[in-house]
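Below: the structure, in structure tokens.
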Amino acid sequence: MELALSPEDAAFRDEVRAFIKDNYPAEMRVANPETDLSKEQMLLWHRILHKKGWIAPLWPKEYGGPGWSITRRFIFEQETTRAGTMPPLAFSVTMVGPVIYTFGNDVQKKKFLPRILSGEDWWCQGYSEPGSGSDLATVRTKAVRDGDHYIVNGHKTWTTLAQHADWIFCLVRTDPTAKPQSGISFLLIDMKSPGVTVRPIITIDGSHEVNDVFLENVRVPAENLIGEENKGWTYAKFLLGNERTSMAGIGRSTRYIARLKKIVKAEIPEDDPAHLEFIRDIARVELDVLALEATELRVVGQMARGIDPGPAASLFKIRGTEIFQNITELTHRAIGNYGLAIREHPVSANHFMPGPDYGHTASEKFLNSRKLSIYGGSNEIQRNIIAKAVLGL
């Protein structure tokens, strides 16, 4: 396996690094962008990347993507995550966009894709429901055809940043008599439609990142159906494959390990037996990151040769999320008593936080990262996929 970049790709990497350094907005460099920034602030980098032509690395050039090779997509993701930039709107660019240009019709592509790229439309994901999370095929939100519309009734939950969204892409049940996976459709719903209600869910770290979305007799034009009726499960699996592949998070983990080392050096004296224990734990997690990165490079090489990565997406999801959870747990332990404090939300509140700045968000990150092994298909489900697809169990 050749790990060295070609001169051309190395030059591209340097270009990406320089562009981030010169253009990433200073006001976006906050601890938790998803909860610390306003909607308009979160869109700043998105719009800068759109103007540059770099907003959708995965998209084909014909739909507004940069037309990069697999290797350059990988380089861009690595450099942006290592730099700690906020990614493009994931539910818009990474998830629903590829579904629309792959399975949508020409009218849908023309209507939605340019507004996804520009950031004019903010999308959220209507998959999970109370009782239908990892077992996604059991969704109960119903869509009944009524002439040129569907009448939608149901309840979606854990809907990330729905409070900002203009549109939601939903899995809805259109044939209640069919087998679970066979009676689901993929529907695009305007969040301003009468009957759509968003209710905040305040998570254990005190932040407002996720929501309940209630759909009561919402009239949705039938033209907003993606692909064929009752074929939504196919499109949902396609989308989740894109989501899980991006969960390796090598750049993010590398950045947080560097931060962890600084905290251990500052907080734990070298003559304390706990110091050596932390050094060993950090070494172990660094080896985990290196092993996952080597696996990712191997898969990138396969994809560049046209080889389908298969169940690798599930592997990245499992190991990437477990590694980051381990790093945040070590960080939470390292800051000691400072970890007892949780910031008040909103962060603009006049609330004194004791201790050094690096301790102010460690507890939030630790608590918030518990979700990583659950969303996007729980890690237990991913192990089942690997057991069936790889081991033939």
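Every chain in the structure tokens takes a letter, A first, then B, and so on in the order presented; its residues are numbered from 1, and the ligands are numbered from 1 following the presented order.
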
Check your understanding: Near segment 12-25 of chain A, within 12 Å and counting only C-alpha atoms, which residues show up once chain neighbours fewer than 5 positions away are dropped, as a ChimeraX atom specification?
Key -> /A:5-7,30,41-49,51-52,54,68-69,71-87

For the selection just defined, write its residues with N, CA and C atoms to a file, as an mmCIF file, in the first residue's frame.
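selection29.cif, written as the output of this step:
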```
data_model
loop_
_atom_site.group_PDB
_atom_site.id
_atom_site.type_symbol
_atom_site.label_atom_id
_atom_site.label_comp_id
_atom_site.auth_asym_id
_atom_site.auth_seq_id
_atom_site.Cartn_x
_atom_site.Cartn_y
_atom_site.Cartn_z
ATOM 1 N N LEU A 5 1.651 10.777 -0.813
ATOM 2 C CA LEU A 5 0.836 11.513 -1.776
ATOM 3 C C LEU A 5 1.673 11.840 -3.009
ATOM 4 N N SER A 6 0.995 11.914 -4.141
ATOM 5 C CA SER A 6 1.664 12.378 -5.345
ATOM 6 C C SER A 6 1.984 13.861 -5.172
ATOM 7 N N PRO A 7 2.930 14.393 -5.938
ATOM 8 C CA PRO A 7 3.234 15.837 -5.834
ATOM 9 C C PRO A 7 1.997 16.712 -6.039
ATOM 10 N N VAL A 30 -15.449 28.287 18.302
ATOM 11 C CA VAL A 30 -16.009 28.153 19.647
ATOM 12 C C VAL A 30 -16.005 26.682 20.028
ATOM 13 N N GLN A 41 -24.415 32.347 11.919
ATOM 14 C CA GLN A 41 -22.983 32.116 12.144
ATOM 15 C C GLN A 41 -22.560 30.741 11.632
ATOM 16 N N MET A 42 -23.421 29.742 11.828
ATOM 17 C CA MET A 42 -23.089 28.399 11.366
ATOM 18 C C MET A 42 -22.983 28.321 9.855
ATOM 19 N N LEU A 43 -23.647 29.240 9.163
ATOM 20 C CA LEU A 43 -23.638 29.221 7.701
ATOM 21 C C LEU A 43 -22.450 29.976 7.088
ATOM 22 N N LEU A 44 -21.662 30.674 7.909
ATOM 23 C CA LEU A 44 -20.574 31.494 7.374
ATOM 24 C C LEU A 44 -19.577 30.674 6.562
ATOM 25 N N TRP A 45 -19.073 29.601 7.149
ATOM 26 C CA TRP A 45 -18.076 28.767 6.478
ATOM 27 C C TRP A 45 -18.689 28.039 5.283
ATOM 28 N N HIS A 46 -19.938 27.601 5.458
ATOM 29 C CA HIS A 46 -20.648 26.955 4.353
ATOM 30 C C HIS A 46 -20.642 27.861 3.120
ATOM 31 N N ARG A 47 -20.955 29.116 3.313
ATOM 32 C CA ARG A 47 -21.037 30.044 2.185
ATOM 33 C C ARG A 47 -19.669 30.351 1.592
ATOM 34 N N ILE A 48 -18.644 30.389 2.436
ATOM 35 C CA ILE A 48 -17.278 30.596 1.947
ATOM 36 C C ILE A 48 -16.852 29.422 1.066
ATOM 37 N N LEU A 49 -17.142 28.198 1.530
ATOM 38 C CA LEU A 49 -16.800 27.010 0.747
ATOM 39 C C LEU A 49 -17.610 26.957 -0.553
ATOM 40 N N LYS A 51 -18.694 29.509 -2.292
ATOM 41 C CA LYS A 51 -18.104 30.485 -3.217
ATOM 42 C C LYS A 51 -16.818 29.949 -3.834
ATOM 43 N N LYS A 52 -16.059 29.184 -3.061
ATOM 44 C CA LYS A 52 -14.816 28.588 -3.535
ATOM 45 C C LYS A 52 -15.073 27.405 -4.464
ATOM 46 N N TRP A 54 -16.046 24.403 -3.148
ATOM 47 C CA TRP A 54 -15.600 23.243 -2.369
ATOM 48 C C TRP A 54 -16.674 22.737 -1.394
ATOM 49 N N TRP A 68 -13.588 16.153 -7.602
ATOM 50 C CA TRP A 68 -12.330 15.644 -7.052
ATOM 51 C C TRP A 68 -12.232 14.126 -7.157
ATOM 52 N N SER A 69 -11.004 13.650 -7.146
ATOM 53 C CA SER A 69 -10.749 12.221 -7.029
ATOM 54 C C SER A 69 -11.066 11.761 -5.606
ATOM 55 N N THR A 71 -9.054 10.376 -3.614
ATOM 56 C CA THR A 71 -7.933 10.788 -2.761
ATOM 57 C C THR A 71 -8.084 12.234 -2.313
ATOM 58 N N ARG A 72 -8.498 13.109 -3.211
ATOM 59 C CA ARG A 72 -8.632 14.523 -2.827
ATOM 60 C C ARG A 72 -9.810 14.747 -1.892
ATOM 61 N N ARG A 73 -10.859 13.971 -2.064
ATOM 62 C CA ARG A 73 -11.958 14.044 -1.095
ATOM 63 C C ARG A 73 -11.447 13.690 0.298
ATOM 64 N N PHE A 74 -10.642 12.629 0.355
ATOM 65 C CA PHE A 74 -10.087 12.178 1.628
ATOM 66 C C PHE A 74 -9.183 13.242 2.223
ATOM 67 N N ILE A 75 -8.320 13.844 1.398
ATOM 68 C CA ILE A 75 -7.417 14.891 1.879
ATOM 69 C C ILE A 75 -8.217 16.063 2.446
ATOM 70 N N PHE A 76 -9.253 16.485 1.729
ATOM 71 C CA PHE A 76 -10.058 17.620 2.182
ATOM 72 C C PHE A 76 -10.714 17.323 3.527
ATOM 73 N N GLU A 77 -11.278 16.122 3.666
ATOM 74 C CA GLU A 77 -11.919 15.770 4.934
ATOM 75 C C GLU A 77 -10.904 15.742 6.065
ATOM 76 N N GLN A 78 -9.731 15.151 5.808
ATOM 77 C CA GLN A 78 -8.701 15.079 6.835
ATOM 78 C C GLN A 78 -8.242 16.460 7.272
ATOM 79 N N GLU A 79 -8.000 17.340 6.332
ATOM 80 C CA GLU A 79 -7.471 18.661 6.668
ATOM 81 C C GLU A 79 -8.503 19.521 7.395
ATOM 82 N N THR A 80 -9.759 19.443 6.976
ATOM 83 C CA THR A 80 -10.783 20.249 7.648
ATOM 84 C C THR A 80 -11.064 19.741 9.055
ATOM 85 N N THR A 81 -11.082 18.416 9.242
ATOM 86 C CA THR A 81 -11.331 17.901 10.590
ATOM 87 C C THR A 81 -10.135 18.136 11.507
ATOM 88 N N ARG A 82 -8.949 18.019 10.980
ATOM 89 C CA ARG A 82 -7.756 18.300 11.799
ATOM 90 C C ARG A 82 -7.722 19.768 12.216
ATOM 91 N N ALA A 83 -8.201 20.651 11.345
ATOM 92 C CA ALA A 83 -8.211 22.081 11.656
ATOM 93 C C ALA A 83 -9.382 22.468 12.559
ATOM 94 N N GLY A 84 -10.327 21.548 12.744
ATOM 95 C CA GLY A 84 -11.463 21.837 13.621
ATOM 96 C C GLY A 84 -12.496 22.743 12.998
ATOM 97 N N THR A 85 -12.577 22.775 11.670
ATOM 98 C CA THR A 85 -13.606 23.599 11.034
ATOM 99 C C THR A 85 -14.957 22.910 11.155
ATOM 100 N N MET A 86 -16.009 23.711 11.144
ATOM 101 C CA MET A 86 -17.345 23.146 11.140
ATOM 102 C C MET A 86 -17.626 22.590 9.745
ATOM 103 N N PRO A 87 -18.074 21.347 9.646
ATOM 104 C CA PRO A 87 -18.310 20.776 8.316
ATOM 105 C C PRO A 87 -19.482 21.440 7.627
#
```

Residues near Gly65 of chain A, anyone? I mean within 10 Å using only C-alpha atoms, not counting same-chain ones fewer than 2 positions away, as a list in words.
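Residues near the query, excluding close chain neighbours: His50, Gly53, Trp54, Ile55, Ala56, Pro57, Leu58, Trp59, Pro60, Lys61, Glu62, Tyr63, Gly67, Trp68 and Leu117 of chain A.
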
Serialized selection, C-alpha atoms, as an mmCIF file, in the first residue's frame:
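And here is the file that came out, again-v9.cif:
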```cif
data_model
loop_
_atom_site.group_PDB
_atom_site.id
_atom_site.type_symbol
_atom_site.label_atom_id
_atom_site.label_comp_id
_atom_site.auth_asym_id
_atom_site.auth_seq_id
_atom_site.Cartn_x
_atom_site.Cartn_y
_atom_site.Cartn_z
ATOM 1 C CA HIS A 50 -19.686 27.391 -1.687
ATOM 2 C CA GLY A 53 -16.588 25.618 -5.169
ATOM 3 C CA TRP A 54 -15.600 23.243 -2.369
ATOM 4 C CA ILE A 55 -18.895 22.848 -0.519
ATOM 5 C CA ALA A 56 -19.773 19.340 -1.764
ATOM 6 C CA PRO A 57 -16.654 17.154 -2.081
ATOM 7 C CA LEU A 58 -18.661 13.992 -2.740
ATOM 8 C CA TRP A 59 -20.880 15.446 -5.467
ATOM 9 C CA PRO A 60 -20.235 14.889 -9.176
ATOM 10 C CA LYS A 61 -19.208 17.984 -11.112
ATOM 11 C CA GLU A 62 -22.421 17.939 -13.159
ATOM 12 C CA TYR A 63 -24.423 18.702 -9.993
ATOM 13 C CA GLY A 67 -15.099 16.781 -9.393
ATOM 14 C CA TRP A 68 -12.330 15.644 -7.052
ATOM 15 C CA LEU A 117 -25.213 24.002 -2.173
#
```

Exercise. Have a look at A:Asn379, A:Gln181, A:Asn32, A:Thr328 and name the one nearest to His208 of chain A; count only C-alpha atoms.
Key: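 Using only C-alpha atoms, His208 of chain A sits closest to A:Asn32.
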
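Assigned to strand (DSSP E or B) in segment 162-196 of chain A, given DSSP computed from backbone atoms, are Trp167, Ile168, Phe169, Cys170, Leu171, Val172, Arg173, Ile184, Ser185, Phe186, Leu187, Leu188, Ile189, Asp190 and Val196 of chain A.
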
Expected file: the selected residues, N, CA, C and O atoms, as a compact mmCIF listing (two decimals), in the first residue's frame:
```txt
# COMPACT_ATOMS: atom_id res chain seq x y z
N TRP A 167 -36.38 22.44 5.61
CA TRP A 167 -36.96 21.23 5.06
C TRP A 167 -36.55 20.03 5.90
O TRP A 167 -35.51 20.07 6.57
N ILE A 168 -37.36 18.98 5.84
CA ILE A 168 -37.04 17.72 6.51
C ILE A 168 -37.26 16.59 5.52
O ILE A 168 -38.25 16.58 4.79
N PHE A 169 -36.31 15.66 5.44
CA PHE A 169 -36.54 14.46 4.62
C PHE A 169 -36.95 13.33 5.56
O PHE A 169 -36.31 13.07 6.56
N CYS A 170 -38.07 12.71 5.23
CA CYS A 170 -38.71 11.77 6.15
C CYS A 170 -38.88 10.39 5.54
O CYS A 170 -39.19 10.25 4.35
N LEU A 171 -38.72 9.38 6.38
CA LEU A 171 -39.19 8.04 6.06
C LEU A 171 -40.63 7.94 6.56
O LEU A 171 -40.90 8.20 7.74
N VAL A 172 -41.53 7.59 5.66
CA VAL A 172 -42.95 7.51 6.01
C VAL A 172 -43.50 6.17 5.51
O VAL A 172 -43.03 5.63 4.51
N ARG A 173 -44.50 5.67 6.21
CA ARG A 173 -45.11 4.41 5.82
C ARG A 173 -46.27 4.68 4.87
O ARG A 173 -47.26 5.31 5.24
N ILE A 184 -42.21 1.53 2.91
CA ILE A 184 -41.69 2.83 3.34
C ILE A 184 -41.35 3.68 2.13
O ILE A 184 -40.83 3.18 1.13
N SER A 185 -41.67 4.97 2.21
CA SER A 185 -41.32 5.92 1.14
C SER A 185 -40.47 7.05 1.70
O SER A 185 -40.43 7.30 2.91
N PHE A 186 -39.78 7.75 0.80
CA PHE A 186 -38.85 8.83 1.15
C PHE A 186 -39.49 10.14 0.68
O PHE A 186 -39.62 10.38 -0.52
N LEU A 187 -39.88 10.98 1.64
CA LEU A 187 -40.68 12.17 1.34
C LEU A 187 -39.98 13.43 1.83
O LEU A 187 -39.43 13.47 2.94
N LEU A 188 -40.02 14.49 1.02
CA LEU A 188 -39.44 15.79 1.37
C LEU A 188 -40.56 16.72 1.84
O LEU A 188 -41.54 16.92 1.12
N ILE A 189 -40.41 17.30 3.04
CA ILE A 189 -41.48 18.07 3.65
C ILE A 189 -40.97 19.46 4.03
O ILE A 189 -39.94 19.60 4.72
N ASP A 190 -41.69 20.47 3.61
CA ASP A 190 -41.40 21.86 3.97
C ASP A 190 -41.74 22.06 5.44
O ASP A 190 -42.87 21.80 5.87
N VAL A 196 -46.82 21.15 11.11
CA VAL A 196 -45.47 20.76 11.56
C VAL A 196 -45.13 21.54 12.82
O VAL A 196 -45.17 22.77 12.83
```

Kindly assemble as a tab-separated table a list of the segment 163-269 of chain A residues that lie within 12 Å of segment 34-38 of chain A, each paired with its nearest atom pair and their distance in Å to one decimal, using only C-alpha atoms, sorted first by chain and then by ascending residue number.
```
residue	atom	partner	partner_atom	distance
A:Gln163	CA	A:Ser38	CA	11.0
A:His164	CA	A:Ser38	CA	9.2
A:Ile202	CA	A:Thr35	CA	11.2
A:Thr203	CA	A:Thr35	CA	11.3
A:Asp205	CA	A:Thr35	CA	10.9
A:Gly206	CA	A:Thr35	CA	10.0
A:Ser207	CA	A:Thr35	CA	6.5
A:His208	CA	A:Thr35	CA	6.6
A:Glu209	CA	A:Thr35	CA	6.3
A:Val210	CA	A:Thr35	CA	10.1
```

Query - Spatial neighbours of His155 of chain A, max dist 10 Å, only C-alpha atoms, sep filter under 5 positions, as a PyMOL selection string - result: chain A and resi 126-130+139-142+196-197+212-216

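Using only C-alpha atoms, the nearest neighbour of Ile381 of chain A within the list A:Val99, A:Ile318, A:Ala258, A:Ala274 is A:Ile318.
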
Between A:Lys237, A:Lys262, A:Arg383, A:Arg115, smallest distance to Arg319 of chain A by only C-alpha atoms belongs to A:Arg383

Find the distance between atom CA of Ile279 of chain A and atom CA of Thr321 of chain A and write it in Å to one decimal.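 It comes out at 21.2 Å.
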
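Nearest residue to Pro114 of chain A, choosing from A:Ser373, A:Ser92, A:Ser182, A:Thr177 and counting only C-alpha atoms: A:Ser92.
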
re atom CA of Leu287 of chain A and atom CA of Leu315 of chain A: distance 16.4 Å

d(atom CA of Lys261 of chain A, atom CA of Gly336 of chain A) in Å: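 Rounded to one decimal, the two atoms are 14.5 Å apart.
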
Next on the checklist: So, with only C-alpha atoms as the atoms that count, which of A:Ile327, A:Ala178, A:Leu367, A:Ala312 lies closest to Lys231 of chain A?
Outcome noted: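 That would be A:Ala178, the residue with the smallest distance to Lys231 of chain A.
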
Given only C-alpha atoms as the counted atoms, nearest of A:Thr174, A:Thr138, A:Asn217, A:Asn224 to Gly104 of chain A
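Of A:Thr174, A:Thr138, A:Asn217, A:Asn224, the one nearest Gly104 of chain A is A:Asn224, counting only C-alpha atoms.
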
Contact residues around Asn211 of chain A with only C-alpha atoms at 6 Å, ignoring same-chain residues under 5 positions, as a ChimeraX atom specification: /A:158-159,199-201

**OP:** Run DSSP on the backbone and grab whatever in segment 23-220 of chain A lands in alpha helix (DSSP H); send it over as a ChimeraX atom specification.
**Re:** /A:23,33-36,39-52,70-83,97-103,106-118
